[in-house]
There are 2 protein chains.
Amino acid sequence: MDLYDRIFDLCKRRGIIFPSFEIYGGVSGFYDYGPLGAILKRNIEDKWRDIFVRREGMVEIEASLVMPSVVFEASGHVEHFTDLMTQCVECKKAFRTDTILSERGIKIREGATAREIDELIINNEVTCPDCGGNLSPSEPFNLMFQVEIGPYGRTIKGYGRPEAAQGQFVNFKRVYAAMRERLPLGIAQIGRCMRNEISPRKGPIRLREFTIIDYEVFLDPEESKYPRIELVENVLLRIISAEEQEKGLEQVSIVTVNQALESGLIKSEALAYFMALASHFIEDLGIPKDKQRFREQLPDERAHYSLQTFDQEVWLERWGWTEISGHAYRTDFDLSRHMTYSGEDLRVYKSFEKPKSIKIPVINPNREKIREDFGGQANNVLKMLSNSDVFTVKGSLERSGFYELPGKKGIHLDNKHLEVLFRTEEAQGRWFIPHVAEPSFGIDRIFYAVLEYSHEKRRKRTVLKLPRDIAPIKAAIYPLVNKDGLPEFAQKIYSLLIDEGFWVEYDDSGSIGRRYARADEVGVPICITIDYQTIEDDTVTLRDLETWKQVRVKVDKLSILLKDYLNKKIVFEDLGIKLN
Amino acid sequence: MDLYDRIFDLCKRRGIIFPSFEIYGGVSGFYDYGPLGAILKRNIEDKWRDIFVRREGMVEIEASLVMPSVVFEASGHVEHFTDLMTQCVECKKAFRTDTILSERGIKIREGATAREIDELIINNEVTCPDCGGNLSPSEPFNLMFQVEIGPYGRTIKGYGRPEAAQGQFVNFKRVYAAMRERLPLGIAQIGRCMRNEISPRKGPIRLREFTIIDYEVFLDPEESKYPRIELVENVLLRIISAEEQEKGLEQVSIVTVNQALESGLIKSEALAYFMALASHFIEDLGIPKDKQRFREQLPDERAHYSLQTFDQEVWLERWGWTEISGHAYRTDFDLSRHMTYSGEDLRVYKSFEKPKSIKIPVINPNREKIREDFGGQANNVLKMLSNSDVFTVKGSLERSGFYELPGKKGIHLDNKHLEVLFRTEEAQGRWFIPHVAEPSFGIDRIFYAVLEYSHEKRRKRTVLKLPRDIAPIKAAIYPLVNKDGLPEFAQKIYSLLIDEGFWVEYDDSGSIGRRYARADEVGVPICITIDYQTIEDDTVTLRDLETWKQVRVKVDKLSILLKDYLNKKIVFEDLGIKLN
């Protein structure tokens, strides 16, 4: 049994996390959280929310999981959210083509076409790992779950969302207005997503249903400064640059946020700011800095609209370096696309401190060339063009080399058909499409990583040394024996702590040693024992998970000291008091 | 504008809740929560969790939203989770048949067949409300969203869950074991569900995607006593019995929990216990007791397996009495069905205090009759019967009059084929299938009801008098003017309260009166103003939402007093201090 198996053995036994629908044999890629797991997961989410939203003065929303197709046409998911799939012609089992090749140690060139990849299968004589049958040519398989919304004959095609981010983009205008039009504006979502993975076989690392935190931070692209950047300028980040990887190296650079920005290693202050927060967040969950790194995605690897993307990875025993969060600078891609597809103006307006003369881009169509290329449709094209948003047109020309008229597939206008000129004008302010920096976290992976890093064998026993601020059960209350008034006293302490808002449990069965062992296994930070001395002097014995040390504490100080201890304001020894 | 419209006007403007995908024209039945709405919704969920789970020593899990078809075959949803639908033969628009009839004031007899209902359409000359076209015969429409799990050609049919409860049933065994086999065991889930409503037209009251709290409380059916029942025995409940309704009356009886149990009005202590908690929970959210009632479902209305069901209803201005929670005694239906469909033994074992002689039911097959009716299959039937669980067989015979062999559709065994006899035996304990009492809450409806009851016009202004413990923003911090060191002081207080864990906001724009008005509209309980006196004597002015009164408070007492005030431990006047 490797560490992963040992952890899952514990998880099943103690009800932390386990495969869904087990009584029906399960379906791969689905896991359920049991009583302790559900609290631990929520505590991780709450901690994230506290650091990234509440303390930052940012906001969170809750959008729908099912969204109509047009949202994912605009986002590009309908077209691009695919994996190459191959099937065994004998047993019909399906595989991700990249997985089946990498398991045979065959590397796929970044940017390789499906044909080139299929050639790798043929040339390397790769066959079905289950039955040895031949594999079919690869075809793209869209990973979204499709649903039909509404009754027969009147349905709207929809999808279960494969990421949460689109909720922020389609709601941007409303939220921006409600937050009184300020930038930067971070809008978070913590929620379920669904991806119909072809053949998920990595436990909670690759799920068909999972919890994501997508955090879209909307920015003024002309403000390169991020407001609170000074707070993190000396934070050390461990980075592997794309340049380094392209040389075939995996050398980690340890640099301050300041150095990373000054050297151009990180291209956006907002990105750097939240990478620093993410590094701190993960460390605070018990995963040391040297088991974390930020790997810059290679140009071929990242989405075409992304200026720069870093994967935050942690080291896991079975899976190696594993992505747990992504940090992408998405430019104005998302809002631009939704502008084009919805016809809604998603630009924002910013007043200048005083009026100034600015250059305003205007579309200057080449009427002759348009007539030549589009004949009878030319007048219509010219009319649509005059109604088009110049920023969208300009952005599209710059990104793709052409501009497609909304709803007119195939009508591509390029630099021959129009140019964008600049007119100088006295202006009170400017309209622009905000850019987006997006930190995005995979909660189920983080959850598993937390278990792996808190799991230890101590004197042949399993101890789950969870950080005490996220431990699901904060304290266990034990009467030493079940007589002589001890249970009544223990129940009083249980009620006291419940009234003070703690998650605590009462346990009166088995020896104290056995009760400690049960608590250690699920990371209970403090065990409170009520013994004969308690009745004499109103003190109880506290025993801590981290050091197994013991102190005695006055009952009337218990709640306040426990609160400070759990919030990491004091250490365990501070809980002890001198008696008399 | 009625109250509903006024509330939604506010909700859109201040980013509380609004239609999803608005920039694409929206899809009916989908709503998103904006920044303030998301916190308010979470606060309501957290409050529920605190009352029903943490304080009760119960548990919560997080199961998958997508589940394979077999789960919903077992639960009965594939067969029964349907609405009758009719379509206009002209414009093709679809309608729920019951809605279209009730809108014309036509009553459907409980238990009416589809044919009878269609006759009502014909006899009353009901036509399409949109275009006047004729309506098609009604047909059942399954309200679950269907998905295909896995790649082409190897898919498993699944559904988005229409309720959360099945997650608890399929995971019962694991959770029961992890919680060390104790009953009663309450297992909660708070999460998204999906129902493909035919034509939802009631805003957040009827949604295609919504948040449910399903709480399955597993019980020993032979323990009629619920452990903590004494705590609520004098709680007053407002109940309309089924008997009363059958007489055509709507008279509410106001009875204590004790009276309701003794008179048999409520048939289960567990049900009564949680109805009392639910009544308290809703009242604490600002909805007075006299705007709540428990309506017992009529025998025809409730599921056939339910012994008794109450709908907790609240009065809403536009929608009248509206169900916000349901309280059903579900017997052993769910676990029995999953036992049958999965073949897993979901019974639990309870030791007697000392061995006693008990009657054990055994299946006594009538071999002759089985041979006669099933011919060549008889041996197989007998073999399967001998492997069948006697409790499942017995339960099925009692409920349905027959027992269907697992996986053998159409092989119905009834009292002619077998009888259940009792053998007396000395036993250490007994095996049984737990019963379930299920309180179930619709969070989106509760959310809307909270807005409706906290909404008031005061001196021509909108005030959202949210209960302070669930208010999204706890305090707003205002420097009186933006000079003379006041902003710096105000920022210090903002940081102090952020560090103490409060959700607070800083606002320095516009007159104080205008800032108060903005805060009142979204239910900020306390506004804190920093003025010139603050710099002199370290006091700030607090102004409360509920009474618009003001007091001055020492800065060093602010955090502790605010905490007590928000937890409803003290009243606003207690915040004030005598100076000097």
# chains A, B, ... in the order shown; residues from 1 in each chain; ligands from 1
call {"tool": "interface_residues", "arguments": {"of": "chain B", "to": "chain A", "cutoff": "6 Å", "atoms": "only C-alpha atoms", "output": "ChimeraX atom specification"}}
result
/B:14-15,21,23-24,32-35,38,59-63,150-151,170,175,178,196,198,342
call {"tool": "residues_around", "arguments": {"residues": "Asp284 (chain B)", "least_positions_apart": "4", "cutoff": "10 Å", "atoms": "only C-alpha atoms", "output": "JSON, numbers by chain"}}
result
{"B": [47, 278, 279, 280, 288, 289, 467, 469, 470]}
call {"tool": "residues_around", "arguments": {"residues": "Ala476 (chain A)", "least_positions_apart": "6", "cutoff": "9 Å", "atoms": "only C-alpha atoms", "output": "ChimeraX atom specification"}}
result
/A:494,504-507,515-516,519,524-529
call {"tool": "write_last_selection", "arguments": {"atoms": "all heavy atoms", "output": "tab-separated table (two decimals), in the first residue's frame"}}
result
chain	number	residue	atom	x	y	z
A	494	TYR	N	-19.39	20.06	27.18
A	494	TYR	CA	-19.83	19.88	25.79
A	494	TYR	C	-20.85	20.97	25.42
A	494	TYR	O	-20.70	21.67	24.41
A	494	TYR	CB	-20.44	18.48	25.61
A	494	TYR	CG	-21.06	18.24	24.25
A	494	TYR	CD1	-20.26	17.93	23.14
A	494	TYR	CD2	-22.44	18.34	24.06
A	494	TYR	CE1	-20.83	17.72	21.89
A	494	TYR	CE2	-23.01	18.13	22.81
A	494	TYR	CZ	-22.20	17.82	21.73
A	494	TYR	OH	-22.77	17.61	20.49
A	504	VAL	N	-17.67	20.25	18.21
A	504	VAL	CA	-17.01	19.35	19.16
A	504	VAL	C	-17.74	18.02	19.20
A	504	VAL	O	-18.88	17.91	18.73
A	504	VAL	CB	-17.00	19.96	20.59
A	504	VAL	CG1	-16.07	21.17	20.65
A	504	VAL	CG2	-18.41	20.37	21.02
A	505	GLU	N	-17.06	17.00	19.73
A	505	GLU	CA	-17.77	15.73	19.89
A	505	GLU	C	-17.57	15.19	21.30
A	505	GLU	O	-16.58	15.48	21.96
A	505	GLU	CB	-17.35	14.71	18.83
A	505	GLU	CG	-15.94	14.22	18.96
A	505	GLU	CD	-15.63	13.08	18.00
A	505	GLU	OE1	-16.36	12.90	17.02
A	505	GLU	OE2	-14.65	12.37	18.25
A	506	TYR	N	-18.53	14.40	21.71
A	506	TYR	CA	-18.50	13.81	23.04
A	506	TYR	C	-18.24	12.33	22.83
A	506	TYR	O	-18.84	11.70	21.98
A	506	TYR	CB	-19.87	14.01	23.68
A	506	TYR	CG	-19.97	13.55	25.11
A	506	TYR	CD1	-19.63	14.42	26.14
A	506	TYR	CD2	-20.40	12.27	25.41
A	506	TYR	CE1	-19.72	14.00	27.46
A	506	TYR	CE2	-20.48	11.84	26.73
A	506	TYR	CZ	-20.15	12.71	27.75
A	506	TYR	OH	-20.23	12.30	29.05
A	507	ASP	N	-17.29	11.78	23.58
A	507	ASP	CA	-16.97	10.37	23.39
A	507	ASP	C	-16.69	9.74	24.75
A	507	ASP	O	-15.77	10.14	25.45
A	507	ASP	CB	-15.75	10.23	22.46
A	507	ASP	CG	-15.47	8.78	22.09
A	507	ASP	OD1	-16.15	7.86	22.60
A	507	ASP	OD2	-14.56	8.55	21.28
A	515	ARG	N	-9.53	6.45	22.87
A	515	ARG	CA	-10.25	7.65	22.40
A	515	ARG	C	-9.28	8.63	21.76
A	515	ARG	O	-9.58	9.22	20.73
A	515	ARG	CB	-11.02	8.29	23.57
A	515	ARG	CG	-12.25	7.50	23.94
A	515	ARG	CD	-13.03	8.16	25.07
A	515	ARG	NE	-12.90	7.41	26.32
A	515	ARG	CZ	-13.41	7.80	27.49
A	515	ARG	NH1	-14.07	8.95	27.59
A	515	ARG	NH2	-13.26	7.06	28.57
A	516	TYR	N	-8.09	8.82	22.39
A	516	TYR	CA	-7.07	9.67	21.78
A	516	TYR	C	-6.74	9.19	20.36
A	516	TYR	O	-6.63	9.97	19.43
A	516	TYR	CB	-5.77	9.65	22.60
A	516	TYR	CG	-5.78	10.49	23.88
A	516	TYR	CD1	-4.88	10.23	24.91
A	516	TYR	CD2	-6.66	11.56	24.03
A	516	TYR	CE1	-4.86	10.99	26.06
A	516	TYR	CE2	-6.66	12.33	25.19
A	516	TYR	CZ	-5.76	12.04	26.21
A	516	TYR	OH	-5.73	12.81	27.35
A	519	ALA	N	-9.31	10.09	17.87
A	519	ALA	CA	-9.30	11.53	17.58
A	519	ALA	C	-8.10	11.91	16.70
A	519	ALA	O	-8.22	12.70	15.76
A	519	ALA	CB	-9.28	12.33	18.88
A	524	VAL	N	-8.28	15.78	15.30
A	524	VAL	CA	-8.91	16.63	16.33
A	524	VAL	C	-7.80	17.35	17.10
A	524	VAL	O	-6.98	16.69	17.74
A	524	VAL	CB	-9.76	15.79	17.30
A	524	VAL	CG1	-10.40	16.67	18.37
A	524	VAL	CG2	-10.81	14.99	16.55
A	525	PRO	N	-7.73	18.67	17.06
A	525	PRO	CA	-6.58	19.37	17.65
A	525	PRO	C	-6.46	19.21	19.16
A	525	PRO	O	-5.35	19.14	19.68
A	525	PRO	CB	-6.81	20.84	17.29
A	525	PRO	CG	-7.85	20.86	16.23
A	525	PRO	CD	-8.64	19.60	16.37
A	526	ILE	N	-7.60	19.19	19.85
A	526	ILE	CA	-7.55	19.18	21.32
A	526	ILE	C	-8.50	18.12	21.87
A	526	ILE	O	-9.67	18.06	21.50
A	526	ILE	CB	-7.98	20.57	21.87
A	526	ILE	CG1	-6.97	21.65	21.49
A	526	ILE	CG2	-8.21	20.53	23.38
A	526	ILE	CD1	-5.71	21.64	22.31
A	527	CYS	N	-7.97	17.29	22.79
A	527	CYS	CA	-8.84	16.38	23.54
A	527	CYS	C	-8.95	16.91	24.97
A	527	CYS	O	-7.95	17.28	25.58
A	527	CYS	CB	-8.29	14.97	23.55
A	527	CYS	SG	-8.20	14.25	21.91
A	528	ILE	N	-10.16	16.95	25.47
A	528	ILE	CA	-10.42	17.51	26.80
A	528	ILE	C	-10.91	16.38	27.70
A	528	ILE	O	-11.96	15.79	27.43
A	528	ILE	CB	-11.52	18.60	26.72
A	528	ILE	CG1	-11.11	19.68	25.72
A	528	ILE	CG2	-11.81	19.18	28.10
A	528	ILE	CD1	-12.20	20.71	25.43
A	529	THR	N	-10.14	16.08	28.74
A	529	THR	CA	-10.55	15.01	29.64
A	529	THR	C	-11.02	15.56	30.99
A	529	THR	O	-10.39	16.44	31.57
A	529	THR	CB	-9.40	14.00	29.86
A	529	THR	OG1	-9.02	13.49	28.58
A	529	THR	CG2	-9.85	12.85	30.74
call {"tool": "residues_around", "arguments": {"residues": "region 103-112 of chain A", "least_positions_apart": "5", "cutoff": "7 Å", "atoms": "only C-alpha atoms", "output": "number ranges by chain"}}
result
A: 117, 300-301
call {"tool": "closest_residue", "arguments": {"among": "B:Glu452, B:Thr331, B:Gln377, B:Phe422", "to": "Gly395 (chain B)", "atoms": "only C-alpha atoms"}}
result
B:Thr331
call {"tool": "atom_distance", "arguments": {"atom1": "CA of Pro162 (chain B)", "atom2": "CA of His77 (chain B)"}}
result
8.6 Å
call {"tool": "closest_residue", "arguments": {"among": "A:Gly375, A:Pro204, A:Pro479, A:Gly264", "to": "Phe8 (chain A)", "atoms": "only C-alpha atoms"}}
result
A:Pro204
call {"tool": "residues_around", "arguments": {"residues": "region 120-128 of chain A", "least_positions_apart": "6", "cutoff": "6 Å", "atoms": "only C-alpha atoms", "output": "ChimeraX atom specification"}}
result
/A:88,134-135
call {"tool": "atom_distance", "arguments": {"atom1": "CA of Gly513 (chain B)", "atom2": "CA of Val450 (chain B)"}}
result
25.7 Å
call {"tool": "select_by_dssp", "arguments": {"residues": "region 41-194 of chain B", "states": "helix (DSSP H, G or I)", "output": "ChimeraX atom specification"}}
result
/B:41-54,69-75,77-80,97-103,114-123,165-170,172-178
call {"tool": "residues_around", "arguments": {"residues": "Asn415 (chain A)", "least_positions_apart": "4", "cutoff": "12 Å", "atoms": "only C-alpha atoms", "output": "ChimeraX atom specification"}}
result
/A:363-366,369-370,393-394,396-398,400-403,419-421
call {"tool": "atom_distance", "arguments": {"atom1": "CA of Val252 (chain A)", "atom2": "CA of Glu233 (chain A)"}}
result
18.9 Å
call {"tool": "residues_around", "arguments": {"residues": "Phe333 (chain B)", "least_positions_apart": "4", "cutoff": "10 Å", "atoms": "only C-alpha atoms", "output": "list in words"}}
result
Ser75, His304, Tyr305, Ser306, Tyr329, Arg337, His338, Met339, Thr392, Gly395, Ser396, Arg399, Ile433, Pro434, His435 and Val436 of chain B
call {"tool": "decode", "arguments": {"residues": "region 199-215 of chain A", "atoms": "N, CA and C atoms", "output": "JSON list (two decimals), in the first residue's frame"}}
result
[["chain", "number", "residue", "atom", "x", "y", "z"],
["A", 199, "SER", "N", -11.96, 8.80, -19.51],
["A", 199, "SER", "CA", -11.65, 7.60, -18.74],
["A", 199, "SER", "C", -10.85, 7.97, -17.49],
["A", 200, "PRO", "N", -11.51, 8.63, -16.54],
["A", 200, "PRO", "CA", -10.78, 9.13, -15.37],
["A", 200, "PRO", "C", -10.33, 7.98, -14.46],
["A", 201, "ARG", "N", -9.04, 7.96, -14.18],
["A", 201, "ARG", "CA", -8.53, 6.85, -13.37],
["A", 201, "ARG", "C", -7.55, 7.34, -12.31],
["A", 202, "LYS", "N", -7.77, 8.57, -11.79],
["A", 202, "LYS", "CA", -6.82, 9.10, -10.82],
["A", 202, "LYS", "C", -7.50, 9.55, -9.55],
["A", 203, "GLY", "N", -8.52, 8.80, -9.13],
["A", 203, "GLY", "CA", -9.18, 9.12, -7.87],
["A", 203, "GLY", "C", -9.65, 10.57, -7.87],
["A", 204, "PRO", "N", -9.44, 11.26, -6.74],
["A", 204, "PRO", "CA", -9.96, 12.62, -6.64],
["A", 204, "PRO", "C", -9.14, 13.64, -7.44],
["A", 205, "ILE", "N", -8.11, 13.16, -8.16],
["A", 205, "ILE", "CA", -7.27, 14.08, -8.94],
["A", 205, "ILE", "C", -7.94, 14.40, -10.28],
["A", 206, "ARG", "N", -8.67, 13.44, -10.83],
["A", 206, "ARG", "CA", -9.38, 13.72, -12.07],
["A", 206, "ARG", "C", -10.83, 13.27, -11.92],
["A", 207, "LEU", "N", -11.72, 14.23, -11.77],
["A", 207, "LEU", "CA", -13.11, 13.93, -11.46],
["A", 207, "LEU", "C", -14.03, 14.38, -12.60],
["A", 208, "ARG", "N", -15.16, 13.72, -12.68],
["A", 208, "ARG", "CA", -16.18, 14.18, -13.63],
["A", 208, "ARG", "C", -17.06, 15.26, -13.00],
["A", 209, "GLU", "N", -17.09, 15.27, -11.68],
["A", 209, "GLU", "CA", -17.79, 16.34, -10.99],
["A", 209, "GLU", "C", -16.87, 16.82, -9.89],
["A", 210, "PHE", "N", -16.68, 18.12, -9.78],
["A", 210, "PHE", "CA", -15.69, 18.62, -8.85],
["A", 210, "PHE", "C", -16.06, 20.03, -8.42],
["A", 211, "THR", "N", -15.35, 20.51, -7.39],
["A", 211, "THR", "CA", -15.59, 21.87, -6.91],
["A", 211, "THR", "C", -14.43, 22.76, -7.33],
["A", 212, "ILE", "N", -14.78, 23.84, -7.98],
["A", 212, "ILE", "CA", -13.76, 24.77, -8.47],
["A", 212, "ILE", "C", -13.94, 26.09, -7.74],
["A", 213, "ILE", "N", -12.84, 26.80, -7.57],
["A", 213, "ILE", "CA", -12.95, 28.22, -7.25],
["A", 213, "ILE", "C", -12.41, 28.97, -8.44],
["A", 214, "ASP", "N", -13.26, 29.67, -9.14],
["A", 214, "ASP", "CA", -12.79, 30.55, -10.21],
["A", 214, "ASP", "C", -12.90, 31.98, -9.70],
["A", 215, "TYR", "N", -11.83, 32.71, -9.89],
["A", 215, "TYR", "CA", -11.77, 34.07, -9.35],
["A", 215, "TYR", "C", -11.38, 34.98, -10.49]]
